file final.cif (mmCIF, C-alpha atoms)
data_target
#
loop_
_atom_site.label_atom_id
_atom_site.label_comp_id
_atom_site.auth_asym_id
_atom_site.auth_seq_id
_atom_site.Cartn_x
_atom_site.Cartn_y
_atom_site.Cartn_z
CA MET N 1 -4.04 -25.08 -13.19
CA LYS N 2 -3.13 -21.40 -13.57
CA GLN N 3 0.29 -20.36 -12.35
CA PHE N 4 0.31 -17.21 -10.24
CA SER N 5 3.30 -14.87 -10.15
CA GLN N 6 1.70 -12.96 -7.30
CA ALA N 7 -1.12 -13.49 -4.84
CA PRO N 8 -4.60 -12.84 -6.29
CA LEU N 9 -5.42 -10.26 -3.59
CA PRO N 10 -3.25 -7.67 -1.81
CA PHE N 11 -1.22 -8.96 1.11
CA GLN N 12 1.48 -7.25 3.11
CA GLY N 13 4.75 -9.11 2.70
CA GLN N 14 3.87 -11.56 -0.08
CA LYS N 15 6.95 -13.05 -1.73
CA ARG N 16 6.38 -12.22 -5.40
CA ARG N 17 9.84 -10.60 -5.77
CA PHE N 18 11.45 -13.80 -4.54
CA LEU N 19 9.59 -16.23 -6.77
CA PRO N 20 12.30 -16.59 -9.48
CA GLU N 21 15.01 -17.31 -6.91
CA PHE N 22 12.66 -19.45 -4.82
CA LYS N 23 11.87 -21.64 -7.84
CA ILE N 24 15.57 -22.09 -8.59
CA ALA N 25 16.32 -23.06 -4.99
CA LEU N 26 13.34 -25.44 -4.92
CA LYS N 27 15.12 -27.63 -7.48
CA GLU N 28 17.37 -28.81 -4.67
CA PHE N 29 14.32 -30.34 -2.95
CA LYS N 30 12.76 -32.24 -5.83
CA ASN N 31 12.55 -35.47 -3.82
CA ALA N 32 10.94 -33.91 -0.76
CA PRO N 33 7.63 -35.63 0.06
CA MET N 34 6.16 -32.75 2.04
CA PHE N 35 6.41 -28.97 2.38
CA VAL N 36 4.90 -27.26 5.44
CA ASP N 37 4.36 -23.49 5.23
CA LEU N 38 4.36 -22.51 8.90
CA PHE N 39 3.46 -18.85 8.28
CA GLY N 40 1.35 -19.15 5.15
CA GLY N 41 0.55 -15.49 4.59
CA SER N 42 -0.89 -15.07 1.11
CA GLY N 43 -0.23 -18.72 0.22
CA LEU N 44 2.04 -17.74 -2.68
CA LEU N 45 4.90 -19.96 -1.53
CA ALA N 46 2.58 -22.94 -0.99
CA HIS N 47 0.98 -22.36 -4.40
CA THR N 48 4.38 -22.22 -6.09
CA VAL N 49 5.59 -25.42 -4.43
CA LYS N 50 2.43 -27.27 -5.48
CA GLN N 51 2.90 -26.06 -9.04
CA MET N 52 6.47 -27.39 -9.17
CA TYR N 53 5.86 -30.59 -7.26
CA PRO N 54 2.21 -31.63 -7.66
CA GLY N 55 2.94 -35.02 -6.12
CA ALA N 56 4.21 -33.56 -2.86
CA ASP N 57 1.99 -32.86 0.15
CA VAL N 58 1.81 -29.10 0.73
CA ILE N 59 0.44 -27.78 4.03
CA TYR N 60 -0.51 -24.09 4.18
CA ASN N 61 -1.01 -22.50 7.61
CA ASP N 62 -3.53 -19.79 6.79
CA PHE N 63 -3.46 -18.02 10.15
CA ASP N 64 -4.73 -14.79 8.57
CA ASP N 65 -7.68 -16.42 6.74
CA TYR N 66 -6.46 -15.42 3.30
CA HIS N 67 -8.51 -18.22 1.73
CA VAL N 68 -11.66 -16.56 3.13
CA ARG N 69 -10.74 -13.37 1.29
CA ILE N 70 -10.36 -15.38 -1.93
CA GLU N 71 -13.76 -16.99 -1.42
CA ASN N 72 -15.31 -13.50 -1.15
CA ILE N 73 -13.66 -11.92 -4.21
CA GLN N 74 -16.98 -11.41 -5.99
CA ARG N 75 -18.41 -9.52 -3.00
CA THR N 76 -15.27 -7.38 -2.90
CA ASN N 77 -15.50 -6.68 -6.64
CA ALA N 78 -19.14 -5.56 -6.24
CA LEU N 79 -18.15 -3.14 -3.48
CA LEU N 80 -15.27 -1.71 -5.53
CA ALA N 81 -17.64 -1.24 -8.49
CA GLU N 82 -19.89 0.83 -6.24
CA PHE N 83 -16.89 2.90 -5.15
CA ARG N 84 -16.06 3.69 -8.79
CA ILE N 85 -19.54 5.11 -9.30
CA ILE N 86 -19.35 7.19 -6.11
CA LEU N 87 -15.95 8.59 -7.08
CA ILE N 88 -16.58 9.16 -10.78
CA ASN N 89 -16.33 12.94 -10.43
CA GLU N 90 -13.52 12.95 -7.87
CA PRO N 91 -9.94 13.78 -8.99
CA VAL N 92 -7.86 10.66 -9.50
CA ASP N 93 -5.20 9.91 -6.84
CA LYS N 94 -6.35 12.86 -4.74
CA VAL N 95 -8.05 13.12 -1.37
CA ILE N 96 -11.79 12.64 -1.87
CA SER N 97 -14.48 15.02 -0.64
CA LYS N 98 -16.24 14.60 2.70
CA GLU N 99 -19.46 13.80 0.88
CA ALA N 100 -17.81 11.04 -1.16
CA LYS N 101 -16.15 9.61 1.93
CA GLN N 102 -19.49 9.43 3.73
CA SER N 103 -21.02 7.61 0.75
CA ILE N 104 -18.11 5.17 0.75
CA LEU N 105 -18.51 4.52 4.47
CA LYS N 106 -22.25 3.96 4.09
CA ALA N 107 -21.60 1.40 1.36
CA ILE N 108 -19.04 -0.42 3.53
CA GLU N 109 -21.31 -0.37 6.57
CA ARG N 110 -24.25 -1.69 4.56
CA GLU N 111 -22.13 -4.48 3.11
CA GLU N 112 -20.91 -5.54 6.51
CA LYS N 113 -24.41 -5.54 7.99
CA THR N 114 -25.93 -7.31 4.99
CA THR N 115 -23.35 -10.01 4.25
CA GLY N 116 -21.34 -10.03 7.46
CA TYR N 117 -18.07 -9.75 5.56
CA VAL N 118 -15.85 -6.96 4.22
CA ASP N 119 -12.30 -7.52 2.97
CA TYR N 120 -10.81 -4.43 4.57
CA ILE N 121 -7.26 -5.13 3.39
CA THR N 122 -8.31 -5.21 -0.26
CA ILE N 123 -10.55 -2.16 -0.15
CA SER N 124 -7.86 -0.31 1.84
CA SER N 125 -5.49 -0.75 -1.09
CA SER N 126 -8.02 1.11 -3.27
CA LEU N 127 -8.88 3.90 -0.84
CA LEU N 128 -5.93 4.64 1.43
CA PHE N 129 -2.51 6.14 0.80
CA SER N 130 0.13 3.73 -0.49
CA MET N 131 0.96 0.83 1.86
CA ASN N 132 -1.64 1.91 4.44
CA TYR N 133 -4.30 -0.54 5.59
CA ALA N 134 -7.36 -0.50 7.83
CA MET N 135 -8.64 -3.65 9.47
CA SER N 136 -12.11 -2.53 10.57
CA PHE N 137 -14.89 -0.06 9.87
CA GLU N 138 -13.78 2.11 12.80
CA GLU N 139 -10.26 2.32 11.37
CA MET N 140 -11.62 3.23 7.93
CA LYS N 141 -13.59 6.11 9.43
CA LYS N 142 -10.40 7.63 10.86
CA GLN N 143 -8.41 7.45 7.63
CA GLY N 144 -8.14 10.01 4.88
CA MET N 145 -9.39 8.45 1.63
CA TYR N 146 -8.02 8.81 -1.88
CA ASN N 147 -9.51 8.15 -5.29
CA CYS N 148 -7.15 5.33 -6.19
CA VAL N 149 -9.75 2.61 -6.69
CA ARG N 150 -8.59 -0.31 -8.80
CA LYS N 151 -10.04 0.07 -12.30
CA SER N 152 -10.60 -3.64 -12.99
CA ASP N 153 -12.10 -6.46 -10.97
CA TYR N 154 -10.03 -9.03 -9.14
CA GLU N 155 -10.21 -12.35 -10.92
CA PRO N 156 -12.20 -15.00 -9.01
CA THR N 157 -10.14 -18.17 -8.75
CA ASN N 158 -10.58 -21.75 -7.63
CA ASP N 159 -7.09 -22.75 -8.80
CA TYR N 160 -4.85 -20.78 -6.48
CA LEU N 161 -4.91 -23.22 -3.55
CA GLN N 162 -5.94 -26.31 -5.50
CA GLY N 163 -4.30 -29.39 -4.03
CA VAL N 164 -2.96 -27.47 -1.04
CA GLN N 165 -4.09 -28.52 2.44
CA VAL N 166 -5.27 -25.42 4.32
CA VAL N 167 -4.97 -25.42 8.11
CA LYS N 168 -5.07 -22.77 10.83
CA MET N 169 -3.07 -23.34 14.00
CA ASP N 170 -0.13 -22.13 16.04
CA TYR N 171 3.04 -22.68 14.01
CA ARG N 172 4.64 -24.64 16.88
CA GLU N 173 1.78 -27.12 16.91
CA LEU N 174 2.01 -27.49 13.14
CA PHE N 175 5.78 -28.00 13.33
CA ASP N 176 5.45 -30.64 16.04
CA ARG N 177 2.87 -32.49 13.95
CA TRP N 178 5.13 -32.94 10.92
CA LYS N 179 8.74 -32.60 12.12
CA HIS N 180 9.23 -36.38 12.24
CA ILE N 181 8.44 -36.88 8.54
CA THR N 182 11.61 -37.87 6.70
CA GLY N 183 12.52 -35.27 4.07
CA VAL N 184 9.95 -32.67 5.13
CA VAL N 185 10.81 -29.07 4.19
CA PHE N 186 9.57 -26.17 6.32
CA LEU N 187 8.80 -22.78 4.81
CA VAL N 188 9.43 -20.23 7.54
CA ASP N 189 8.29 -16.69 6.77
CA PRO N 190 7.32 -14.98 10.05
CA PRO N 191 6.24 -11.33 10.11
CA TYR N 192 9.39 -9.26 9.78
CA LEU N 193 10.92 -7.67 12.84
CA SER N 194 11.19 -3.86 12.66
CA THR N 195 8.73 -3.60 9.77
CA ASP N 196 5.02 -2.80 9.68
CA VAL N 197 3.02 -5.92 10.58
CA SER N 198 -0.31 -4.16 11.10
CA THR N 199 -2.27 -6.46 8.78
CA TYR N 200 -1.29 -9.62 10.64
CA SER N 201 -3.74 -10.96 13.20
CA ASN N 202 -1.16 -11.42 15.95
CA TYR N 203 1.48 -9.11 17.48
CA TRP N 204 5.14 -10.09 17.23
CA LYS N 205 7.90 -9.14 19.66
CA LEU N 206 11.63 -9.94 19.61
CA ALA N 207 11.11 -13.06 21.74
CA ASN N 208 8.65 -14.39 19.14
CA TYR N 209 11.20 -14.02 16.35
CA LEU N 210 13.86 -15.78 18.37
CA ASP N 211 11.48 -18.62 19.27
CA VAL N 212 10.90 -19.28 15.58
CA LEU N 213 14.58 -20.10 15.10
CA SER N 214 14.11 -23.31 17.07
CA VAL N 215 12.26 -24.88 14.11
CA LEU N 216 15.42 -24.55 11.98
CA LYS N 217 17.49 -26.91 14.13
CA GLY N 218 18.19 -30.11 12.22
CA THR N 219 15.54 -29.45 9.56
CA SER N 220 15.43 -28.62 5.87
CA TYR N 221 14.02 -25.15 5.48
CA PHE N 222 13.49 -21.92 3.64
CA TYR N 223 13.69 -18.93 5.98
CA PHE N 224 12.74 -15.37 5.03
CA THR N 225 13.78 -12.18 6.79
CA SER N 226 15.09 -8.70 5.96
CA ASN N 227 18.13 -6.62 6.79
CA LYS N 228 15.90 -4.45 9.00
CA SER N 229 15.40 -7.32 11.42
CA SER N 230 19.14 -7.89 12.05
CA ILE N 231 18.33 -11.52 12.91
CA ILE N 232 21.33 -12.81 10.95
CA GLU N 233 23.70 -10.41 12.69
CA LEU N 234 22.20 -11.33 16.05
CA THR N 235 22.66 -15.07 15.55
CA ASP N 236 26.25 -14.46 14.37
CA TRP N 237 26.97 -12.44 17.52
CA ILE N 238 25.39 -15.04 19.83
CA GLU N 239 27.47 -17.78 18.21
CA LYS N 240 30.75 -15.86 18.49
CA ASN N 241 30.22 -14.49 21.99
CA LEU N 242 28.02 -17.02 23.77
CA GLY N 243 28.94 -20.24 21.99
CA ALA N 244 25.41 -21.03 20.83
CA VAL N 245 24.74 -22.93 17.60
CA ASN N 246 23.90 -20.64 14.69
CA PRO N 247 20.84 -22.10 12.89
CA PHE N 248 21.98 -20.52 9.62
CA ASN N 249 25.32 -22.33 9.48
CA GLY N 250 25.55 -24.10 6.14
CA ALA N 251 22.58 -22.25 4.67
CA THR N 252 22.59 -20.56 1.26
CA LYS N 253 21.58 -16.90 1.20
CA LYS N 254 19.95 -14.78 -1.51
CA GLU N 255 19.12 -11.08 -1.23
CA VAL N 256 16.57 -9.04 -3.17
CA ALA N 257 16.18 -5.26 -2.94
CA ALA N 258 12.74 -4.06 -1.86
CA ARG N 259 11.32 -0.56 -1.99
CA MET N 260 8.54 0.81 0.20
CA ASN N 261 8.35 4.20 -1.56
CA HIS N 262 10.61 6.65 -3.42
CA ASN N 263 12.64 7.43 -0.31
CA ALA N 264 12.75 4.20 1.67
CA GLY N 265 13.79 0.66 0.94
CA TYR N 266 15.28 -2.44 2.51
CA THR N 267 16.71 -5.83 1.54
CA ASP N 268 14.67 -9.04 1.61
CA ILE N 269 16.67 -12.13 2.50
CA MET N 270 16.01 -15.79 1.77
CA LEU N 271 18.07 -18.56 3.35
CA TRP N 272 17.66 -22.25 2.65
CA LYS N 273 19.26 -25.43 3.84
CA ARG N 274 18.84 -29.13 3.09
CA VAL N 275 19.75 -31.74 5.69
#
call {"tool": "encode", "arguments": {"input": "final.cif", "output": "structure tokens"}}
result
Amino acid sequence: MKQFSQAPLPFQGQKRRFLPEFKIALKEFKNAPMFVDLFGGSGLLAHTVKQMYPGADVIYNDFDDYHVRIENIQRTNALLAEFRIILINEPVDKVISKEAKQSILKAIEREEKTTGYVDYITISSSLLFSMNYAMSFEEMKKQGMYNCVRKSDYEPTNDYLQGVQVVKMDYRELFDRWKHITGVVFLVDPPYLSTDVSTYSNYWKLANYLDVLSVLKGTSYFYFTSNKSSIIELTDWIEKNLGAVNPFNGATKKEVAARMNHNAGYTDIMLWKRV
């Protein structure tokens, strides 16, 4: 089985920068019988766990249907190949002409009508300005397009989620289903507060982030956040001023610098705890 150091298709918030530290921390859980990825995202964490511990049960909550995008890689590659032909005379990394944009849109519209599927996140990464994404044809029409189409195809893969159980359900339901398993480890990577979550299929407010903390009580976990969310500071304040139990007490913390562009960055944070 091929080992992936990043997800095979673009995904906002995938944990590739954390993989080295995640693998080191995973060594503390070598006897865990089950890992449940409550917010599966790109599946990179679930894939990595299955690689390290093939005998463990790994549950991947694919709420954003990432596995469907993987299944349609060949269709996406064919569409990107057509874009390369359309843009062959357009300046690289520059805004494309109106004529080229119309041709691109016609190709997308035809694909959607013919096959019923377009991976808008992936094609966005080849047509829109850095870190911008469109989720529908109507959104693509409104965006300025650039000639930054990926030069090579994405590699079709059957290995990425091999052995991983893919489910799609509310994270609370998934947690309730497996919380009684002795030794279970929960991977908790909700969309970050105070960061762009436009590619996720559900909208997250502060109350949602706080609700997630309930799954950390009395469990073994990996929890991911960033310094932009201020969740750690908030739980510290609540503990000191209101007497509530801080779910991160006793957890180990690792930080990794992340950069959005030349002028903006933030710090990714991973906390883990074994009970």
call {"tool": "resolve_selection", "arguments": {"input": "final.cif", "expression": "the PyMOL selection byres ((chain N and resi 8) around 8)", "output": "list of chain:residue names"}}
result
N:Phe4, N:Gln6, N:Ala7, N:Leu9, N:Pro10, N:Ile70, N:Tyr154, N:Glu155, N:Tyr160
call {"tool": "resolve_selection", "arguments": {"input": "final.cif", "expression": "the PyMOL selection byres ((chain N and resi 175) around 12)", "output": "ChimeraX atom specification"}}
result
/N:35-39,59-61,169-174,176-181,184-188,212-217,219,221
call {"tool": "residues_near_point", "arguments": {"input": "final.cif", "point": "(-14.4, -11.7, -2.0)", "cutoff": "10 Å", "atoms": "only C-alpha atoms", "output": "list in words"}}
result
Leu9, His67, Val68, Arg69, Ile70, Glu71, Asn72, Ile73, Gln74, Arg75, Thr76, Asn77, Ala78, Leu79, Tyr117, Val118, Asp119, Thr122, Tyr154, Glu155 and Pro156 of chain N
call {"tool": "residues_around", "arguments": {"input": "final.cif", "residues": "segment 270-275 of chain N", "least_positions_apart": "6", "cutoff": "8 Å", "atoms": "only C-alpha atoms", "output": "PDB file with C-alpha atoms, keeping the file's coordinate frame"}}
result
ATOM      1  CA  ALA N  25      16.320 -23.060  -4.990  1.00  0.00           C
ATOM      2  CA  GLU N  28      17.370 -28.810  -4.670  1.00  0.00           C
ATOM      3  CA  PHE N  29      14.320 -30.340  -2.950  1.00  0.00           C
ATOM      4  CA  GLY N 218      18.190 -30.110  12.220  1.00  0.00           C
ATOM      5  CA  THR N 219      15.540 -29.450   9.560  1.00  0.00           C
ATOM      6  CA  SER N 220      15.430 -28.620   5.870  1.00  0.00           C
ATOM      7  CA  TYR N 221      14.020 -25.150   5.480  1.00  0.00           C
ATOM      8  CA  PHE N 222      13.490 -21.920   3.640  1.00  0.00           C
ATOM      9  CA  TYR N 223      13.690 -18.930   5.980  1.00  0.00           C
ATOM     10  CA  PHE N 224      12.740 -15.370   5.030  1.00  0.00           C
ATOM     11  CA  THR N 225      13.780 -12.180   6.790  1.00  0.00           C
ATOM     12  CA  PHE N 248      21.980 -20.520   9.620  1.00  0.00           C
ATOM     13  CA  GLY N 250      25.550 -24.100   6.140  1.00  0.00           C
ATOM     14  CA  ALA N 251      22.580 -22.250   4.670  1.00  0.00           C
ATOM     15  CA  THR N 252      22.590 -20.560   1.260  1.00  0.00           C
ATOM     16  CA  LYS N 253      21.580 -16.900   1.200  1.00  0.00           C
ATOM     17  CA  LYS N 254      19.950 -14.780  -1.510  1.00  0.00           C
ATOM     18  CA  GLU N 255      19.120 -11.080  -1.230  1.00  0.00           C
TER      19      GLU N 255
END
call {"tool": "residues_around", "arguments": {"input": "final.cif", "residues": "Lys151 of chain N", "least_positions_apart": "5", "cutoff": "9 Å", "atoms": "all atoms listed in the file", "output": "count of residues only"}}
result
3
call {"tool": "closest_residue", "arguments": {"input": "final.cif", "among": "N:Met140, N:Leu210, N:Ala257, N:Val149", "to": "Leu234 of chain N", "atoms": "all atoms listed in the file"}}
result
N:Leu210
call {"tool": "atom_distance", "arguments": {"input": "final.cif", "atom1": "atom CA of Phe129 of chain N", "atom2": "atom CA of Arg150 of chain N"}}
result
13.1 Å
call {"tool": "atom_distance", "arguments": {"input": "final.cif", "atom1": "atom CA of Val49 of chain N", "atom2": "atom CA of Asp189 of chain N"}}
result
14.5 Å
call {"tool": "closest_residue", "arguments": {"input": "final.cif", "among": "N:Thr115, N:Asp159, N:Tyr53, N:Lys94", "to": "Ser130 of chain N", "atoms": "all atoms listed in the file"}}
result
N:Lys94
call {"tool": "atom_distance", "arguments": {"input": "final.cif", "atom1": "atom CA of Asp268 of chain N", "atom2": "atom CA of Asn227 of chain N"}}
result
6.7 Å
call {"tool": "resolve_selection", "arguments": {"input": "final.cif", "expression": "the PyMOL selection byres ((chain N and resi 161) around 10)", "output": "MDAnalysis selection string"}}
result
chainID N and resid 1 43:44 46:48 50:51 58 60 67 70 157:160 162:166
call {"tool": "residues_near_point", "arguments": {"input": "final.cif", "point": "(-0.4, -14.9, 1.6)", "cutoff": "8 Å", "atoms": "only C-alpha atoms", "output": "short mmCIF file (atom, residue, chain, number, x, y, z; two decimals) with C-alpha atoms, keeping the file's coordinate frame"}}
result
data_model
loop_
_atom_site.label_atom_id
_atom_site.label_comp_id
_atom_site.auth_asym_id
_atom_site.auth_seq_id
_atom_site.Cartn_x
_atom_site.Cartn_y
_atom_site.Cartn_z
CA ALA N 7 -1.12 -13.49 -4.84
CA PHE N 11 -1.22 -8.96 1.11
CA GLY N 13 4.75 -9.11 2.70
CA GLN N 14 3.87 -11.56 -0.08
CA GLY N 40 1.35 -19.15 5.15
CA GLY N 41 0.55 -15.49 4.59
CA SER N 42 -0.89 -15.07 1.11
CA GLY N 43 -0.23 -18.72 0.22
CA LEU N 44 2.04 -17.74 -2.68
CA LEU N 45 4.90 -19.96 -1.53
CA ASP N 62 -3.53 -19.79 6.79
CA TYR N 66 -6.46 -15.42 3.30
#
call {"tool": "closest_residue", "arguments": {"input": "final.cif", "among": "N:Leu242, N:Arg16, N:Ile108, N:Tyr133", "to": "Ala258 of chain N", "atoms": "all atoms listed in the file"}}
result
N:Arg16
